[in-house]
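structure-v8.pdb, holding PDB, C-alpha atoms, pLDDT in the B column:
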```pdb
ATOM      1  CA  MET A  25      -5.893   0.826   3.796  1.00 86.00           C
ATOM      2  CA  LYS A  26      -3.351   2.027   1.248  1.00 89.00           C
ATOM      3  CA  SER A  27      -2.607   0.604  -2.195  1.00 94.00           C
ATOM      4  CA  ASP A  28       0.928  -0.502  -3.032  1.00 97.00           C
ATOM      5  CA  TYR A  29       0.685   0.700  -6.640  1.00 98.00           C
ATOM      6  CA  ILE A  30      -1.782   1.730  -9.345  1.00 98.00           C
ATOM      7  CA  ALA A  31      -2.102  -0.394 -12.485  1.00 97.00           C
ATOM      8  CA  PHE A  32      -3.717   0.920 -15.643  1.00 96.00           C
ATOM      9  CA  SER A  33      -4.206   0.176 -19.333  1.00 95.00           C
ATOM     10  CA  TYR A  34      -3.264   2.680 -22.018  1.00 95.00           C
ATOM     11  CA  TYR A  35      -3.782   2.303 -25.737  1.00 90.00           C
ATOM     12  CA  CYS A  36      -4.694   5.677 -27.160  1.00 88.00           C
ATOM     13  CA  THR A  37      -5.552   9.305 -26.658  1.00 87.00           C
ATOM     14  CA  GLY A  38      -8.899  10.831 -27.511  1.00 86.00           C
ATOM     15  CA  SER A  39      -9.666  14.504 -28.085  1.00 89.00           C
ATOM     16  CA  ILE A  40     -12.888  16.250 -27.150  1.00 92.00           C
ATOM     17  CA  SER A  41     -14.323  19.576 -28.301  1.00 93.00           C
ATOM     18  CA  HIS A  42     -16.776  21.421 -26.083  1.00 93.00           C
ATOM     19  CA  LYS A  43     -18.654  22.691 -29.159  1.00 94.00           C
ATOM     20  CA  ASN A  44     -20.786  19.544 -29.512  1.00 91.00           C
ATOM     21  CA  ILE A  45     -21.464  19.037 -25.812  1.00 95.00           C
ATOM     22  CA  SER A  46     -24.596  20.667 -24.438  1.00 94.00           C
ATOM     23  CA  ASN A  47     -24.937  21.642 -20.776  1.00 94.00           C
ATOM     24  CA  ASP A  48     -27.245  18.703 -20.031  1.00 95.00           C
ATOM     25  CA  VAL A  49     -24.683  16.053 -21.075  1.00 95.00           C
ATOM     26  CA  ALA A  50     -23.104  14.198 -18.144  1.00 95.00           C
ATOM     27  CA  PRO A  51     -19.262  14.105 -18.125  1.00 93.00           C
ATOM     28  CA  ASN A  52     -19.173  10.344 -18.735  1.00 93.00           C
ATOM     29  CA  TYR A  53     -20.857  11.032 -22.122  1.00 95.00           C
ATOM     30  CA  TYR A  54     -18.510  13.837 -23.250  1.00 94.00           C
ATOM     31  CA  LEU A  55     -16.531  11.482 -25.487  1.00 89.00           C
ATOM     32  CA  ARG A  56     -19.679  10.204 -27.189  1.00 92.00           C
ATOM     33  CA  HIS A  57     -20.875  13.730 -28.023  1.00 94.00           C
ATOM     34  CA  GLY A  58     -17.672  15.713 -28.354  1.00 94.00           C
ATOM     35  CA  GLU A  59     -14.954  13.441 -29.774  1.00 92.00           C
ATOM     36  CA  VAL A  60     -13.000  15.057 -32.591  1.00 92.00           C
ATOM     37  CA  GLU A  61     -10.004  14.067 -34.680  1.00 88.00           C
ATOM     38  CA  ASN A  62      -6.711  15.478 -33.426  1.00 89.00           C
ATOM     39  CA  PRO A  63      -4.592  16.536 -36.431  1.00 90.00           C
ATOM     40  CA  PHE A  64      -1.398  16.138 -34.366  1.00 90.00           C
ATOM     41  CA  VAL A  65      -1.967  12.483 -33.438  1.00 90.00           C
ATOM     42  CA  LEU A  66      -1.710   9.510 -35.810  1.00 86.00           C
ATOM     43  CA  GLU A  67      -4.667   7.113 -35.775  1.00 85.00           C
ATOM     44  CA  ASN A  68      -5.033   3.429 -36.514  1.00 81.00           C
ATOM     45  CA  LYS A  69      -7.806   1.971 -38.702  1.00 78.00           C
ATOM     46  CA  TRP A  70     -10.270   2.075 -35.784  1.00 76.00           C
ATOM     47  CA  GLY A  71      -9.700   5.790 -35.148  1.00 77.00           C
ATOM     48  CA  LEU A  72      -7.647   5.269 -31.997  1.00 78.00           C
ATOM     49  CA  GLY A  73      -5.083   8.028 -31.464  1.00 80.00           C
ATOM     50  CA  ILE A  74      -1.500   6.749 -31.206  1.00 88.00           C
ATOM     51  CA  ASP A  75       0.065   9.133 -28.726  1.00 95.00           C
ATOM     52  CA  SER A  76       3.142   8.237 -26.673  1.00 96.00           C
ATOM     53  CA  LEU A  77       3.217  11.723 -25.107  1.00 96.00           C
ATOM     54  CA  GLY A  78      -0.291  11.022 -23.822  1.00 96.00           C
ATOM     55  CA  PHE A  79       1.129   7.884 -22.182  1.00 97.00           C
ATOM     56  CA  ARG A  80       3.829   9.937 -20.442  1.00 98.00           C
ATOM     57  CA  ASP A  81       1.227  12.514 -19.449  1.00 97.00           C
ATOM     58  CA  ILE A  82      -1.084   9.980 -17.796  1.00 97.00           C
ATOM     59  CA  ILE A  83       1.822   8.359 -15.936  1.00 98.00           C
ATOM     60  CA  ASN A  84       2.694  11.796 -14.566  1.00 98.00           C
ATOM     61  CA  LYS A  85      -0.872  12.737 -13.675  1.00 98.00           C
ATOM     62  CA  ILE A  86      -1.540   9.507 -11.789  1.00 98.00           C
ATOM     63  CA  TYR A  87       1.826   9.516 -10.017  1.00 98.00           C
ATOM     64  CA  GLN A  88       1.626  13.189  -9.021  1.00 98.00           C
ATOM     65  CA  LYS A  89      -1.908  12.759  -7.684  1.00 97.00           C
ATOM     66  CA  TYR A  90      -1.374   9.575  -5.621  1.00 96.00           C
ATOM     67  CA  HIS A  91       2.415   9.419  -5.006  1.00 97.00           C
ATOM     68  CA  ILE A  92       2.581   5.639  -5.259  1.00 98.00           C
ATOM     69  CA  PRO A  93       4.234   3.526  -7.983  1.00 98.00           C
ATOM     70  CA  ILE A  94       2.549   3.181 -11.359  1.00 97.00           C
ATOM     71  CA  PHE A  95       2.321  -0.029 -13.388  1.00 98.00           C
ATOM     72  CA  PRO A  96       1.127   0.070 -17.017  1.00 97.00           C
ATOM     73  CA  VAL A  97      -0.264  -3.454 -17.414  1.00 96.00           C
ATOM     74  CA  GLU A  98      -1.634  -3.116 -20.956  1.00 94.00           C
ATOM     75  CA  ASN A  99      -0.156  -1.046 -23.770  1.00 95.00           C
ATOM     76  CA  GLY A 100      -0.364  -1.909 -27.442  1.00 93.00           C
ATOM     77  CA  ILE A 101      -1.692  -1.268 -30.922  1.00 92.00           C
ATOM     78  CA  GLY A 102      -4.388  -3.187 -32.729  1.00 88.00           C
ATOM     79  CA  THR A 103      -3.975  -3.642 -36.476  1.00 89.00           C
ATOM     80  CA  GLN A 104      -5.209  -5.904 -39.252  1.00 91.00           C
ATOM     81  CA  GLU A 105      -2.591  -8.401 -40.336  1.00 93.00           C
ATOM     82  CA  LYS A 106      -2.565 -11.277 -42.806  1.00 92.00           C
ATOM     83  CA  TRP A 107       0.035 -14.026 -42.782  1.00 95.00           C
ATOM     84  CA  ASP A 108       1.231 -15.298 -46.159  1.00 96.00           C
ATOM     85  CA  GLY A 109       1.732 -18.793 -44.739  1.00 95.00           C
ATOM     86  CA  ASN A 110       5.494 -18.558 -44.985  1.00 95.00           C
ATOM     87  CA  ASN A 111       7.207 -15.374 -43.799  1.00 94.00           C
ATOM     88  CA  PRO A 112       7.000 -13.523 -40.485  1.00 93.00           C
ATOM     89  CA  ILE A 113       4.728 -10.476 -40.514  1.00 97.00           C
ATOM     90  CA  GLN A 114       6.756  -7.275 -40.858  1.00 97.00           C
ATOM     91  CA  ASP A 115       4.989  -5.226 -38.167  1.00 96.00           C
ATOM     92  CA  ASP A 116       7.277  -2.195 -38.019  1.00 95.00           C
ATOM     93  CA  TYR A 117       4.272  -0.102 -36.876  1.00 93.00           C
ATOM     94  CA  ARG A 118       4.056  -2.243 -33.705  1.00 94.00           C
ATOM     95  CA  ILE A 119       7.790  -1.880 -33.069  1.00 95.00           C
ATOM     96  CA  PHE A 120       7.495   1.895 -33.536  1.00 93.00           C
ATOM     97  CA  TYR A 121       4.484   2.031 -31.196  1.00 94.00           C
ATOM     98  CA  HIS A 122       6.275   0.152 -28.390  1.00 96.00           C
ATOM     99  CA  GLU A 123       9.581   1.996 -28.916  1.00 96.00           C
ATOM    100  CA  GLN A 124       7.843   5.354 -28.593  1.00 96.00           C
ATOM    101  CA  HIS A 125       5.728   4.346 -25.593  1.00 97.00           C
ATOM    102  CA  ILE A 126       8.658   2.774 -23.733  1.00 97.00           C
ATOM    103  CA  LYS A 127      10.722   5.912 -24.418  1.00 97.00           C
ATOM    104  CA  ALA A 128       7.876   8.074 -23.095  1.00 98.00           C
ATOM    105  CA  MET A 129       7.673   5.884 -19.974  1.00 98.00           C
ATOM    106  CA  MET A 130      11.446   6.128 -19.455  1.00 98.00           C
ATOM    107  CA  ASP A 131      11.231   9.924 -19.798  1.00 98.00           C
ATOM    108  CA  ALA A 132       8.497   9.928 -17.135  1.00 98.00           C
ATOM    109  CA  ILE A 133      10.870   7.982 -14.886  1.00 98.00           C
ATOM    110  CA  GLU A 134      14.229   9.607 -15.651  1.00 98.00           C
ATOM    111  CA  ILE A 135      13.182  13.209 -16.373  1.00 98.00           C
ATOM    112  CA  ASP A 136       9.904  13.639 -14.509  1.00 98.00           C
ATOM    113  CA  GLY A 137      10.731  11.507 -11.456  1.00 98.00           C
ATOM    114  CA  CYS A 138       7.783   9.110 -11.630  1.00 98.00           C
ATOM    115  CA  GLU A 139       8.133   5.697 -10.024  1.00 98.00           C
ATOM    116  CA  VAL A 140       7.104   2.997 -12.516  1.00 98.00           C
ATOM    117  CA  LEU A 141       7.238  -0.704 -11.630  1.00 97.00           C
ATOM    118  CA  GLY A 142       7.307  -2.179 -15.137  1.00 96.00           C
ATOM    119  CA  TYR A 143       5.729  -2.309 -18.562  1.00 95.00           C
ATOM    120  CA  LEU A 144       3.464  -4.936 -20.069  1.00 94.00           C
ATOM    121  CA  GLY A 145       2.955  -4.700 -23.795  1.00 90.00           C
ATOM    122  CA  TRP A 146      -0.368  -6.060 -24.986  1.00 87.00           C
ATOM    123  CA  GLY A 147       0.147  -8.696 -25.929  1.00 83.00           C
ATOM    124  CA  LEU A 148       2.499 -11.497 -26.591  1.00 90.00           C
ATOM    125  CA  ILE A 149       0.064 -13.509 -28.702  1.00 94.00           C
ATOM    126  CA  ASP A 150      -2.903 -12.571 -30.894  1.00 93.00           C
ATOM    127  CA  LEU A 151      -6.236 -13.157 -29.209  1.00 86.00           C
ATOM    128  CA  PRO A 152      -9.769 -11.943 -29.817  1.00 82.00           C
ATOM    129  CA  SER A 153     -10.214  -8.252 -29.033  1.00 76.00           C
ATOM    130  CA  SER A 154     -12.695  -7.149 -26.394  1.00 74.00           C
ATOM    131  CA  LYS A 155     -15.425  -7.395 -29.040  1.00 77.00           C
ATOM    132  CA  GLY A 156     -14.421 -10.941 -30.016  1.00 80.00           C
ATOM    133  CA  ASP A 157     -12.730  -9.843 -33.247  1.00 84.00           C
ATOM    134  CA  MET A 158      -9.638 -11.823 -34.338  1.00 90.00           C
ATOM    135  CA  GLU A 159      -9.018  -9.456 -37.242  1.00 86.00           C
ATOM    136  CA  LYS A 160      -7.840  -6.733 -34.835  1.00 88.00           C
ATOM    137  CA  ARG A 161      -4.480  -8.120 -33.743  1.00 92.00           C
ATOM    138  CA  TYR A 162      -2.337  -6.907 -30.858  1.00 91.00           C
ATOM    139  CA  GLY A 163       0.165  -9.707 -30.429  1.00 95.00           C
ATOM    140  CA  MET A 164       3.827 -10.106 -31.275  1.00 96.00           C
ATOM    141  CA  VAL A 165       3.020 -13.709 -32.226  1.00 97.00           C
ATOM    142  CA  TYR A 166       0.517 -14.322 -35.011  1.00 96.00           C
ATOM    143  CA  VAL A 167      -2.137 -16.999 -34.421  1.00 95.00           C
ATOM    144  CA  ASN A 168      -3.317 -18.518 -37.688  1.00 95.00           C
ATOM    145  CA  ARG A 169      -7.069 -18.271 -37.249  1.00 94.00           C
ATOM    146  CA  GLY A 170      -9.905 -15.958 -38.184  1.00 92.00           C
ATOM    147  CA  ASN A 171     -13.108 -14.965 -36.464  1.00 91.00           C
ATOM    148  CA  HIS A 172     -14.949 -18.132 -37.474  1.00 90.00           C
ATOM    149  CA  ASP A 173     -12.226 -20.210 -39.108  1.00 91.00           C
ATOM    150  CA  LEU A 174      -9.794 -21.796 -36.642  1.00 91.00           C
ATOM    151  CA  ARG A 175      -7.429 -22.855 -39.486  1.00 92.00           C
ATOM    152  CA  ASP A 176      -4.414 -24.679 -38.001  1.00 95.00           C
ATOM    153  CA  MET A 177      -3.924 -22.265 -35.027  1.00 94.00           C
ATOM    154  CA  LYS A 178      -0.167 -22.141 -35.793  1.00 95.00           C
ATOM    155  CA  ARG A 179       1.804 -19.583 -33.796  1.00 96.00           C
ATOM    156  CA  VAL A 180       4.201 -17.491 -35.901  1.00 97.00           C
ATOM    157  CA  PRO A 181       6.507 -14.887 -34.299  1.00 97.00           C
ATOM    158  CA  LYS A 182       6.232 -11.479 -35.976  1.00 97.00           C
ATOM    159  CA  LYS A 183       9.148  -9.106 -36.537  1.00 97.00           C
ATOM    160  CA  SER A 184       8.163  -7.297 -33.317  1.00 97.00           C
ATOM    161  CA  PHE A 185       8.659 -10.523 -31.337  1.00 97.00           C
ATOM    162  CA  PHE A 186      12.342 -10.657 -32.292  1.00 97.00           C
ATOM    163  CA  TRP A 187      12.739  -6.908 -31.736  1.00 97.00           C
ATOM    164  CA  PHE A 188      11.255  -7.141 -28.228  1.00 95.00           C
ATOM    165  CA  LYS A 189      13.390 -10.197 -27.395  1.00 95.00           C
ATOM    166  CA  GLU A 190      16.541  -8.213 -28.317  1.00 97.00           C
ATOM    167  CA  PHE A 191      15.268  -5.136 -26.522  1.00 94.00           C
ATOM    168  CA  LEU A 192      14.824  -7.081 -23.281  1.00 93.00           C
ATOM    169  CA  ARG A 193      18.126  -8.935 -23.656  1.00 95.00           C
ATOM    170  CA  ASP A 194      20.054  -5.677 -24.153  1.00 94.00           C
ATOM    171  CA  ARG A 195      18.635  -4.197 -20.968  1.00 85.00           C
TER     172      ARG A 195
END
```

Translate this structure into structure tokens?
Amino acid sequence: MKSDYIAFSYYCTGSISHKNISNDVAPNYYLRHGEVENPFVLENKWGLGIDSLGFRDIINKIYQKYHIPIFPVENGIGTQEKWDGNNPIQDDYRIFYHEQHIKAMMDAIEIDGCEVLGYLGWGLIDLPSSKGDMEKRYGMVYVNRGNHDLRDMKRVPKKSFFWFKEFLRDR
């Protein structure tokens, strides 16, 4: 049986130094023991490295190893955002993140020759993160709620929503 494509999620790059990893540490624990800050990669509040070249690199590595189409099904940046109750959130950092990652993906396609089926930014709407935290927001649409306070649950498009709408329309 052969797969039609490989889907994967990509949010960040991590860096590891061998200096803190002893010989008895299993490879699946290298990150826990050896993770270090990379001075060449920006990080968000949670220490996740924002690295569009890492995105291009992983597309290339997967494609060159398996020679079947690649499909990034999750790609985004988590940040803390507060809505003032009136104006759209000015999330230029999210626009920059997606611009850079889409450019890196297009370079993997057009320059490197990788076959990529599409791109799914994570996500359209704010939802609890994998740890159930509403304060870490990924969406292009703000949901007016907190971790324990549901407020009015109003959906408010952020600046990135309108940017992405234009981006898709122009292509």

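We find atom CA of A:Glu139 and atom CA of A:Pro93 to be spaced 4.9 Å apart.
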
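A straight line drawn from atom CA of A:Val167 to atom CA of A:Val180 is 6.5 Å long.
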
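As for atom CA of A:Glu67 and atom CA of A:Tyr162, they are spaced 15.0 Å apart.
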
Give the centre and edge lengths of an axis-aligned box, in Å to one decimal, that holds all listed atoms of stretch 150-163 of chain A with 4 Å on each side, as JSON.
```
{"center_x": -7.6, "center_y": -9.9, "center_z": -31.8, "size_x": 23.6, "size_y": 14.4, "size_z": 18.8}
```

(request) Output the residue selection produced by the PyMOL selection byres ((chain A and resi 160) around 7) on the file above, formatted as a PyMOL selection string. (result) chain A and resi 102-104+153+157-159+161-162

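Using the PyMOL selection byres ((chain A and resi 80) around 6) on the file at hand returns these residues: Leu77, Gly78, Phe79, Asp81, Ile82, Ile83, Ala128, Met129 and Ala132 of chain A.
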
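Checking A:Val140, A:Val65, A:Ile101, A:Met25 one by one against A:Tyr117, counting only C-alpha atoms, you find the shortest gap at A:Ile101.
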
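Selection check: the PyMOL selection byres ((chain A and resi 34-48) around 8) on the shown file gives Phe32, Ser33, Val49, Ala50, Tyr54, Leu55, His57, Gly58, Glu59, Val60, Glu61, Asn62, Leu72, Gly73, Ile74, Asp75, Gly78, Phe79, Pro96, Glu98, Asn99, Gly100 and Ile101 of chain A.
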
(request) Might you pull out every residue within 8 Å of A:Ile92, with all atoms listed in the file counted and same-chain residues fewer than 3 positions away left off, and present them as an MDAnalysis selection string? (result) chainID A and resid 27:30 87 139

Dump of C-alpha atoms for the selected residues, as a PDB file, in the coordinates of the input:
```
ATOM      1  CA  SER A  27      -2.607   0.604  -2.195  1.00 94.00           C
ATOM      2  CA  ASP A  28       0.928  -0.502  -3.032  1.00 97.00           C
ATOM      3  CA  TYR A  29       0.685   0.700  -6.640  1.00 98.00           C
ATOM      4  CA  ILE A  30      -1.782   1.730  -9.345  1.00 98.00           C
ATOM      5  CA  TYR A  87       1.826   9.516 -10.017  1.00 98.00           C
ATOM      6  CA  GLU A 139       8.133   5.697 -10.024  1.00 98.00           C
TER       7      GLU A 139
END
```

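Distances from A:Ile149, A:Ile113, A:Ile126, A:Ile119 to A:Ser76 were compared using only C-alpha atoms, and the smallest one belongs to A:Ile126.
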